[in-house]
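**Student:** Input file: upload09.pdb. Contents: PDB, C-alpha atoms.
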```pdb
ATOM      1  CA  MET A 134     -25.253  -6.780  30.200  1.00  0.00           C
ATOM      2  CA  GLN A 135     -25.291  -3.275  28.807  1.00  0.00           C
ATOM      3  CA  ARG A 136     -22.299  -1.063  28.273  1.00  0.00           C
ATOM      4  CA  GLU A 137     -21.918   2.531  27.251  1.00  0.00           C
ATOM      5  CA  TYR A 138     -20.288   3.073  23.866  1.00  0.00           C
ATOM      6  CA  GLU A 139     -17.372   5.410  24.415  1.00  0.00           C
ATOM      7  CA  GLY A 140     -16.463   5.829  20.768  1.00  0.00           C
ATOM      8  CA  GLU A 141     -15.033   8.962  19.220  1.00  0.00           C
ATOM      9  CA  GLY A 142     -17.825   9.145  16.666  1.00  0.00           C
ATOM     10  CA  LEU A 143     -17.469  10.402  13.107  1.00  0.00           C
ATOM     11  CA  SER A 144     -18.524  13.798  11.824  1.00  0.00           C
ATOM     12  CA  GLU A 145     -18.932  14.972   8.252  1.00  0.00           C
ATOM     13  CA  GLY A 146     -15.918  17.220   8.756  1.00  0.00           C
ATOM     14  CA  GLN A 147     -13.746  14.220   9.630  1.00  0.00           C
ATOM     15  CA  LEU A 148     -14.941  12.085   6.719  1.00  0.00           C
ATOM     16  CA  ALA A 149     -12.585  11.546   3.774  1.00  0.00           C
ATOM     17  CA  ALA A 150     -13.707  12.787   0.369  1.00  0.00           C
ATOM     18  CA  ALA A 151     -13.994   9.251  -1.037  1.00  0.00           C
ATOM     19  CA  PRO A 152     -14.710   5.871   0.589  1.00  0.00           C
ATOM     20  CA  LEU A 153     -11.350   4.231  -0.114  1.00  0.00           C
ATOM     21  CA  GLU A 154      -9.337   6.741   1.887  1.00  0.00           C
ATOM     22  CA  GLN A 155     -11.736   6.532   4.827  1.00  0.00           C
ATOM     23  CA  VAL A 156     -11.815   2.722   4.905  1.00  0.00           C
ATOM     24  CA  ARG A 157      -8.038   2.479   4.584  1.00  0.00           C
ATOM     25  CA  ARG A 158      -7.667   4.983   7.407  1.00  0.00           C
ATOM     26  CA  TRP A 159      -9.876   2.948   9.722  1.00  0.00           C
ATOM     27  CA  VAL A 160      -8.234  -0.361   8.759  1.00  0.00           C
ATOM     28  CA  ALA A 161      -4.789   1.124   9.474  1.00  0.00           C
ATOM     29  CA  GLU A 162      -5.984   2.412  12.845  1.00  0.00           C
ATOM     30  CA  ALA A 163      -7.465  -0.994  13.700  1.00  0.00           C
ATOM     31  CA  GLU A 164      -4.193  -2.720  12.796  1.00  0.00           C
ATOM     32  CA  ALA A 165      -2.225  -0.192  14.832  1.00  0.00           C
ATOM     33  CA  ARG A 166      -4.480  -0.717  17.838  1.00  0.00           C
ATOM     34  CA  GLN A 167      -4.091  -4.483  17.575  1.00  0.00           C
ATOM     35  CA  ALA A 168      -0.319  -4.069  17.536  1.00  0.00           C
ATOM     36  CA  ASP A 169      -0.457  -1.703  20.511  1.00  0.00           C
ATOM     37  CA  ARG A 170      -3.207  -3.126  22.721  1.00  0.00           C
ATOM     38  CA  GLY A 171      -4.027  -6.532  21.249  1.00  0.00           C
ATOM     39  CA  ASP A 172      -7.796  -6.062  21.498  1.00  0.00           C
ATOM     40  CA  VAL A 173      -8.656  -5.951  17.774  1.00  0.00           C
ATOM     41  CA  ALA A 174      -7.969  -9.523  16.701  1.00  0.00           C
ATOM     42  CA  GLU A 175      -7.978 -10.071  12.915  1.00  0.00           C
ATOM     43  CA  PRO A 176      -8.609  -6.431  11.936  1.00  0.00           C
ATOM     44  CA  THR A 177      -9.434  -7.457   8.353  1.00  0.00           C
ATOM     45  CA  ALA A 178     -11.995 -10.134   9.259  1.00  0.00           C
ATOM     46  CA  LEU A 179     -14.917  -9.566   6.905  1.00  0.00           C
ATOM     47  CA  SER A 180     -18.430 -10.878   7.576  1.00  0.00           C
ATOM     48  CA  LEU A 181     -19.727 -11.840   4.140  1.00  0.00           C
ATOM     49  CA  ALA A 182     -23.414 -12.319   3.301  1.00  0.00           C
ATOM     50  CA  THR A 183     -24.763 -14.079   0.212  1.00  0.00           C
ATOM     51  CA  VAL A 184     -28.090 -15.661  -0.726  1.00  0.00           C
ATOM     52  CA  ASP A 185     -28.802 -19.182  -1.936  1.00  0.00           C
ATOM     53  CA  THR A 186     -31.059 -20.180  -4.821  1.00  0.00           C
ATOM     54  CA  ASP A 187     -34.089 -20.090  -2.505  1.00  0.00           C
ATOM     55  CA  GLY A 188     -33.280 -16.538  -1.425  1.00  0.00           C
ATOM     56  CA  ARG A 189     -32.150 -17.612   2.051  1.00  0.00           C
ATOM     57  CA  PRO A 190     -29.210 -15.634   3.454  1.00  0.00           C
ATOM     58  CA  ASN A 191     -25.846 -17.134   4.321  1.00  0.00           C
ATOM     59  CA  VAL A 192     -23.144 -15.373   6.317  1.00  0.00           C
ATOM     60  CA  ARG A 193     -19.567 -16.364   7.180  1.00  0.00           C
ATOM     61  CA  THR A 194     -16.255 -14.730   8.037  1.00  0.00           C
ATOM     62  CA  VAL A 195     -13.424 -14.371   5.524  1.00  0.00           C
ATOM     63  CA  LEU A 196     -10.274 -12.262   5.584  1.00  0.00           C
ATOM     64  CA  MET A 197     -10.130  -9.178   3.385  1.00  0.00           C
ATOM     65  CA  ARG A 198      -7.050  -9.802   1.265  1.00  0.00           C
ATOM     66  CA  PHE A 199      -7.512  -6.970  -1.230  1.00  0.00           C
ATOM     67  CA  LEU A 200      -8.585  -3.349  -0.854  1.00  0.00           C
ATOM     68  CA  ASP A 201      -8.167  -0.817  -3.620  1.00  0.00           C
ATOM     69  CA  GLU A 202     -10.277   1.483  -5.784  1.00  0.00           C
ATOM     70  CA  ARG A 203     -12.091  -1.548  -7.219  1.00  0.00           C
ATOM     71  CA  GLY A 204     -13.394  -2.629  -3.814  1.00  0.00           C
ATOM     72  CA  PRO A 205     -12.595  -5.088  -1.020  1.00  0.00           C
ATOM     73  CA  GLY A 206     -11.743  -8.650  -2.017  1.00  0.00           C
ATOM     74  CA  PHE A 207     -11.238 -12.091  -0.525  1.00  0.00           C
ATOM     75  CA  VAL A 208      -9.971 -15.499  -1.619  1.00  0.00           C
ATOM     76  CA  THR A 209     -11.811 -18.797  -1.546  1.00  0.00           C
ATOM     77  CA  ASP A 210     -12.316 -22.104  -3.326  1.00  0.00           C
ATOM     78  CA  LEU A 211     -14.387 -21.499  -6.450  1.00  0.00           C
ATOM     79  CA  GLY A 212     -16.447 -24.581  -5.591  1.00  0.00           C
ATOM     80  CA  SER A 213     -17.268 -23.357  -2.085  1.00  0.00           C
ATOM     81  CA  THR A 214     -20.810 -22.535  -1.057  1.00  0.00           C
ATOM     82  CA  LYS A 215     -20.124 -18.802  -1.180  1.00  0.00           C
ATOM     83  CA  SER A 216     -18.659 -19.030  -4.694  1.00  0.00           C
ATOM     84  CA  ARG A 217     -21.526 -21.142  -5.982  1.00  0.00           C
ATOM     85  CA  GLU A 218     -24.051 -18.718  -4.537  1.00  0.00           C
ATOM     86  CA  LEU A 219     -22.247 -15.679  -5.932  1.00  0.00           C
ATOM     87  CA  GLY A 220     -22.072 -17.375  -9.319  1.00  0.00           C
ATOM     88  CA  VAL A 221     -25.873 -17.475  -9.391  1.00  0.00           C
ATOM     89  CA  THR A 222     -26.741 -14.251  -7.542  1.00  0.00           C
ATOM     90  CA  ASP A 223     -23.971 -11.672  -7.474  1.00  0.00           C
ATOM     91  CA  ALA A 224     -25.671  -9.427  -4.887  1.00  0.00           C
ATOM     92  CA  VAL A 225     -23.430  -9.331  -1.819  1.00  0.00           C
ATOM     93  CA  ALA A 226     -22.965  -7.487   1.458  1.00  0.00           C
ATOM     94  CA  ALA A 227     -20.047  -7.485   3.884  1.00  0.00           C
ATOM     95  CA  SER A 228     -18.871  -5.724   7.014  1.00  0.00           C
ATOM     96  CA  LEU A 229     -15.710  -5.031   8.963  1.00  0.00           C
ATOM     97  CA  THR A 230     -16.401  -4.705  12.685  1.00  0.00           C
ATOM     98  CA  TRP A 231     -14.077  -3.533  15.457  1.00  0.00           C
ATOM     99  CA  PRO A 232     -16.064  -3.676  18.740  1.00  0.00           C
ATOM    100  CA  ALA A 233     -13.163  -2.430  20.864  1.00  0.00           C
ATOM    101  CA  MET A 234     -13.094   0.748  18.768  1.00  0.00           C
ATOM    102  CA  TYR A 235     -16.880   1.080  18.382  1.00  0.00           C
ATOM    103  CA  ARG A 236     -16.508   1.121  14.614  1.00  0.00           C
ATOM    104  CA  ALA A 237     -17.810  -0.806  11.635  1.00  0.00           C
ATOM    105  CA  VAL A 238     -17.791  -0.528   7.852  1.00  0.00           C
ATOM    106  CA  ARG A 239     -20.582  -1.940   5.704  1.00  0.00           C
ATOM    107  CA  PHE A 240     -20.197  -2.700   1.977  1.00  0.00           C
ATOM    108  CA  ARG A 241     -23.037  -3.460  -0.431  1.00  0.00           C
ATOM    109  CA  GLY A 242     -22.793  -4.204  -4.133  1.00  0.00           C
ATOM    110  CA  ARG A 243     -22.175  -7.028  -6.540  1.00  0.00           C
ATOM    111  CA  ALA A 244     -19.450  -9.665  -6.560  1.00  0.00           C
ATOM    112  CA  VAL A 245     -17.033  -9.897  -9.476  1.00  0.00           C
ATOM    113  CA  PRO A 246     -14.322 -12.558  -9.921  1.00  0.00           C
ATOM    114  CA  ILE A 247     -10.730 -11.551  -9.231  1.00  0.00           C
ATOM    115  CA  GLY A 248      -8.378 -12.113 -12.160  1.00  0.00           C
ATOM    116  CA  ARG A 249      -6.206 -15.221 -12.221  1.00  0.00           C
ATOM    117  CA  ASP A 250      -2.923 -13.291 -12.342  1.00  0.00           C
ATOM    118  CA  GLU A 251      -3.820 -11.330  -9.220  1.00  0.00           C
ATOM    119  CA  ILE A 252      -4.879 -14.520  -7.438  1.00  0.00           C
ATOM    120  CA  ALA A 253      -1.638 -16.268  -8.406  1.00  0.00           C
ATOM    121  CA  THR A 254       0.439 -13.358  -7.113  1.00  0.00           C
ATOM    122  CA  TYR A 255      -1.374 -13.432  -3.794  1.00  0.00           C
ATOM    123  CA  PHE A 256      -1.167 -17.248  -3.550  1.00  0.00           C
ATOM    124  CA  THR A 257       2.625 -17.134  -3.615  1.00  0.00           C
ATOM    125  CA  SER A 258       2.613 -14.810  -0.597  1.00  0.00           C
ATOM    126  CA  ARG A 259       0.898 -17.381   1.597  1.00  0.00           C
ATOM    127  CA  ALA A 260       2.818 -19.650   3.938  1.00  0.00           C
ATOM    128  CA  TRP A 261       3.653 -23.085   2.541  1.00  0.00           C
ATOM    129  CA  GLY A 262       1.219 -24.811   4.919  1.00  0.00           C
ATOM    130  CA  SER A 263      -1.637 -22.546   3.848  1.00  0.00           C
ATOM    131  CA  ARG A 264      -0.934 -23.294   0.203  1.00  0.00           C
ATOM    132  CA  ILE A 265      -0.991 -27.014   0.933  1.00  0.00           C
ATOM    133  CA  SER A 266      -4.322 -26.627   2.746  1.00  0.00           C
ATOM    134  CA  ALA A 267      -5.804 -25.039  -0.375  1.00  0.00           C
ATOM    135  CA  TRP A 268      -5.149 -28.343  -2.158  1.00  0.00           C
ATOM    136  CA  ALA A 269      -6.192 -30.592   0.730  1.00  0.00           C
ATOM    137  CA  SER A 270      -9.584 -29.017   1.424  1.00  0.00           C
ATOM    138  CA  ASP A 271     -12.531 -29.422  -0.929  1.00  0.00           C
ATOM    139  CA  GLN A 272     -14.105 -26.402   0.714  1.00  0.00           C
ATOM    140  CA  SER A 273     -17.699 -26.647   1.956  1.00  0.00           C
ATOM    141  CA  GLN A 274     -17.983 -30.338   1.021  1.00  0.00           C
ATOM    142  CA  PRO A 275     -18.659 -33.055   3.644  1.00  0.00           C
ATOM    143  CA  ILE A 276     -15.780 -35.191   4.931  1.00  0.00           C
ATOM    144  CA  ALA A 277     -15.811 -38.236   7.176  1.00  0.00           C
ATOM    145  CA  ASP A 278     -13.729 -36.841  10.017  1.00  0.00           C
ATOM    146  CA  ARG A 279     -10.667 -34.814  11.004  1.00  0.00           C
ATOM    147  CA  THR A 280      -8.415 -37.795  10.297  1.00  0.00           C
ATOM    148  CA  ALA A 281      -9.440 -37.829   6.643  1.00  0.00           C
ATOM    149  CA  LEU A 282      -8.730 -34.105   6.343  1.00  0.00           C
ATOM    150  CA  VAL A 283      -5.274 -34.452   7.875  1.00  0.00           C
ATOM    151  CA  ALA A 284      -4.544 -37.414   5.602  1.00  0.00           C
ATOM    152  CA  ALA A 285      -5.364 -35.302   2.544  1.00  0.00           C
ATOM    153  CA  TYR A 286      -3.043 -32.564   3.823  1.00  0.00           C
ATOM    154  CA  GLU A 287      -0.228 -35.047   4.308  1.00  0.00           C
ATOM    155  CA  ARG A 288      -0.644 -36.435   0.774  1.00  0.00           C
ATOM    156  CA  TYR A 289      -0.257 -32.996  -0.772  1.00  0.00           C
ATOM    157  CA  ALA A 290       2.594 -32.115   1.580  1.00  0.00           C
ATOM    158  CA  VAL A 291       4.508 -35.073   0.123  1.00  0.00           C
ATOM    159  CA  LEU A 292       3.514 -34.149  -3.426  1.00  0.00           C
ATOM    160  CA  TYR A 293       4.599 -30.510  -3.019  1.00  0.00           C
ATOM    161  CA  PRO A 294       7.372 -30.420  -0.385  1.00  0.00           C
ATOM    162  CA  ASP A 295       8.495 -27.163   1.181  1.00  0.00           C
ATOM    163  CA  THR A 296      11.579 -25.979  -0.712  1.00  0.00           C
ATOM    164  CA  GLY A 297      11.405 -22.398   0.485  1.00  0.00           C
ATOM    165  CA  SER A 298      10.441 -21.279  -3.012  1.00  0.00           C
ATOM    166  CA  VAL A 299       7.315 -19.238  -3.783  1.00  0.00           C
ATOM    167  CA  ASP A 300       6.443 -21.661  -6.597  1.00  0.00           C
ATOM    168  CA  ASP A 301       6.919 -24.987  -4.797  1.00  0.00           C
ATOM    169  CA  VAL A 302       3.108 -25.302  -4.543  1.00  0.00           C
ATOM    170  CA  PRO A 303       1.142 -24.526  -7.729  1.00  0.00           C
ATOM    171  CA  VAL A 304      -2.119 -22.618  -7.592  1.00  0.00           C
ATOM    172  CA  PRO A 305      -5.067 -25.043  -7.612  1.00  0.00           C
ATOM    173  CA  ASP A 306      -7.410 -24.595 -10.561  1.00  0.00           C
ATOM    174  CA  SER A 307     -10.305 -24.371  -8.103  1.00  0.00           C
ATOM    175  CA  TRP A 308      -8.760 -21.568  -6.060  1.00  0.00           C
ATOM    176  CA  GLY A 309      -9.786 -17.979  -6.722  1.00  0.00           C
ATOM    177  CA  GLY A 310     -11.437 -14.950  -5.230  1.00  0.00           C
ATOM    178  CA  TRP A 311     -14.133 -12.309  -5.411  1.00  0.00           C
ATOM    179  CA  ARG A 312     -14.202  -8.551  -5.160  1.00  0.00           C
ATOM    180  CA  ILE A 313     -17.161  -6.410  -4.104  1.00  0.00           C
ATOM    181  CA  ASP A 314     -17.986  -3.753  -6.685  1.00  0.00           C
ATOM    182  CA  CYS A 315     -19.629  -1.402  -4.201  1.00  0.00           C
ATOM    183  CA  ASP A 316     -22.617   0.839  -4.672  1.00  0.00           C
ATOM    184  CA  GLU A 317     -22.807   1.708  -0.968  1.00  0.00           C
ATOM    185  CA  VAL A 318     -20.242   2.041   1.831  1.00  0.00           C
ATOM    186  CA  GLU A 319     -21.408   2.929   5.335  1.00  0.00           C
ATOM    187  CA  LEU A 320     -19.172   4.073   8.184  1.00  0.00           C
ATOM    188  CA  TRP A 321     -20.649   3.357  11.632  1.00  0.00           C
ATOM    189  CA  ALA A 322     -19.175   4.919  14.768  1.00  0.00           C
ATOM    190  CA  GLY A 323     -20.623   4.155  18.198  1.00  0.00           C
ATOM    191  CA  ARG A 324     -21.537   6.981  20.574  1.00  0.00           C
ATOM    192  CA  ARG A 325     -22.918   7.347  24.091  1.00  0.00           C
ATOM    193  CA  ASP A 326     -26.639   6.754  24.649  1.00  0.00           C
ATOM    194  CA  ARG A 327     -26.777   4.775  21.400  1.00  0.00           C
ATOM    195  CA  LEU A 328     -26.819   8.044  19.437  1.00  0.00           C
ATOM    196  CA  HIS A 329     -24.385   6.609  16.925  1.00  0.00           C
ATOM    197  CA  ASP A 330     -22.965   8.187  13.769  1.00  0.00           C
ATOM    198  CA  ARG A 331     -23.792   6.561  10.436  1.00  0.00           C
ATOM    199  CA  LEU A 332     -22.312   8.248   7.370  1.00  0.00           C
ATOM    200  CA  VAL A 333     -23.077   6.609   4.042  1.00  0.00           C
ATOM    201  CA  PHE A 334     -21.335   6.893   0.681  1.00  0.00           C
ATOM    202  CA  THR A 335     -23.810   6.088  -2.116  1.00  0.00           C
ATOM    203  CA  ARG A 336     -22.737   5.679  -5.728  1.00  0.00           C
ATOM    204  CA  VAL A 337     -24.112   8.312  -8.107  1.00  0.00           C
ATOM    205  CA  ALA A 338     -21.748   7.898 -11.079  1.00  0.00           C
ATOM    206  CA  ASP A 339     -19.113   5.614 -12.554  1.00  0.00           C
ATOM    207  CA  GLY A 340     -15.788   5.582 -10.741  1.00  0.00           C
ATOM    208  CA  GLY A 341     -13.805   3.694  -8.161  1.00  0.00           C
ATOM    209  CA  LEU A 342     -13.808   3.947  -4.416  1.00  0.00           C
ATOM    210  CA  ASP A 343     -11.142   6.622  -4.795  1.00  0.00           C
ATOM    211  CA  ALA A 344     -13.248   8.914  -7.004  1.00  0.00           C
ATOM    212  CA  ALA A 345     -14.967  11.529  -4.849  1.00  0.00           C
ATOM    213  CA  ASP A 346     -17.274  12.671  -7.666  1.00  0.00           C
ATOM    214  CA  ALA A 347     -18.701   9.154  -8.017  1.00  0.00           C
ATOM    215  CA  TRP A 348     -20.242   9.289  -4.544  1.00  0.00           C
ATOM    216  CA  THR A 349     -22.653  11.315  -2.490  1.00  0.00           C
ATOM    217  CA  VAL A 350     -22.724  11.307   1.320  1.00  0.00           C
ATOM    218  CA  HIS A 351     -25.696  11.347   3.641  1.00  0.00           C
ATOM    219  CA  ARG A 352     -26.237  10.741   7.336  1.00  0.00           C
ATOM    220  CA  ARG A 353     -28.427   7.855   8.418  1.00  0.00           C
ATOM    221  CA  GLN A 354     -30.242   7.830  11.756  1.00  0.00           C
ATOM    222  CA  PRO A 355     -28.975   5.273  14.281  1.00  0.00           C
TER     223      PRO A 355
END
```
What would the structure in this file look like if it were written as structure tokens?
**Tutor:**
Amino acid sequence: MQREYEGEGLSEGQLAAAPLEQVRRWVAEAEARQADRGDVAEPTALSLATVDTDGRPNVRTVLMRFLDERGPGFVTDLGSTKSRELGVTDAVAASLTWPAMYRAVRFRGRAVPIGRDEIATYFTSRAWGSRISAWASDQSQPIADRTALVAAYERYAVLYPDTGSVDDVPVPDSWGGWRIDCDEVELWAGRRDRLHDRLVFTRVADGGLDAADAWTVHRRQP
């Protein structure tokens, strides 16, 4: 089936001076649309691409838990496949996609570890059950069946019962996160007849995603 893309597009005159403001604007609009219409499920779902030691690509979906001038970030087990691959090859790409809005954001750069203090602060904001799951799951490793996974969860639930406190579950040593230090950020906006808008911020100097003079903008053909 084919459908016409009825997006609003994106012109150079509408584009923010630096990538951070533009990405935050689109994320906020996606979250607002989800609240209003319910057709943008998980607005911060980030498709994350890495490569293994043989150069073969891997892609999966994570939730963007951080977004500031240093780049978008996510949390994960440091022994997971994605973490092991990023530990060897830090080249990384990711995208936010909102089909209902005919919009996407693409990030390219290198992955850098998120500091332990920042991870610990975020960990305490998670629901108790999610914190228990971080202990129960040896992420990316094989397990016999669902029963074994639930049994591991139940063991840690007994070990760290829910007291309503933010520190009733300690942060696992293996739990951490990565941030994308971007050298390119592309804003894609769907248009009729597949004549889409693609505006690309490319790094030309040191500076964060909030520093307009660190980036140049060009239009890419659809």
**Student:** In Å to one decimal, how far is CA of Pro294 (chain A) from CA of Gln272 (chain A)?
**Tutor:**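 Straight-line distance from CA of Gln272 (chain A) to CA of Pro294 (chain A) works out to 21.9 Å.
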**Student:** Please report the interatomic distance between CA of Leu148 (chain A) and CA of Leu328 (chain A) in Å with one decimal.
**Tutor:**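 Separating CA of Leu148 (chain A) from CA of Leu328 (chain A) is a distance of 17.9 Å.
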**Student:** For the structure shown, which residues end up in the PyMOL selection byres ((chain A and resi 308) around 10)? Put them as a list in words, please?
**Tutor:** Val208, Thr209, Asp210, Leu211, Gly212, Ser213, Arg249, Ile252, Ala253, Phe256, Ala267, Trp268, Gln272, Val304, Pro305, Asp306, Ser307, Gly309 and Gly310 of chain A
**Student:** Can you work out the spacing between CA of Thr257 (chain A) and CA of Gly297 (chain A) in Å, to one decimal?
**Tutor:** 11.0 Å
**Student:** Let me make sure I understand: among A:Trp261, A:Tyr235, A:Tyr289, A:Trp348, which one has the smallest atom-to-atom distance to Arg327 (chain A) if we use only C-alpha atoms?
**Tutor:** A:Tyr235
**Student:** Which neighbours of Val156 (chain A) fall inside 10 Å, counting all atoms listed in the file, when residues of the same chain fewer than 2 positions from it are skipped, and could you give them as a list of chain:residue names?
**Tutor:**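 Here the qualifying residues turn out to be A:Ala149, A:Ala151, A:Pro152, A:Leu153, A:Glu154, A:Arg158, A:Trp159, A:Val160, A:Ala161, A:Glu162, A:Leu200, A:Asp201, A:Pro205, A:Leu229, A:Ala237, A:Val238, A:Arg239, A:Val318, A:Glu319, A:Leu320, A:Leu342.
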**Student:** Taking only C-alpha atoms into account, name the residue in A:Ala227, A:Ala347, A:Val333, A:Ala338 that is nearest to Leu143 (chain A).
**Tutor:** A:Val333
**Student:** Would you mind listing what lies within 9 Å of Thr186 (chain A) as a PyMOL selection string, with all atoms listed in the file counted and same-chain residues fewer than 2 positions away left out?
**Tutor:** chain A and resi 184+188-189+218+221-222
**Student:** Once you have the residues from the selection above, write them out as a PDB file, in the frame of the given file, restricted to C-alpha atoms.
**Tutor:**
```pdb
ATOM      1  CA  VAL A 184     -28.090 -15.661  -0.726  1.00  0.00           C
ATOM      2  CA  GLY A 188     -33.280 -16.538  -1.425  1.00  0.00           C
ATOM      3  CA  ARG A 189     -32.150 -17.612   2.051  1.00  0.00           C
ATOM      4  CA  GLU A 218     -24.051 -18.718  -4.537  1.00  0.00           C
ATOM      5  CA  VAL A 221     -25.873 -17.475  -9.391  1.00  0.00           C
ATOM      6  CA  THR A 222     -26.741 -14.251  -7.542  1.00  0.00           C
TER       7      THR A 222
END
```
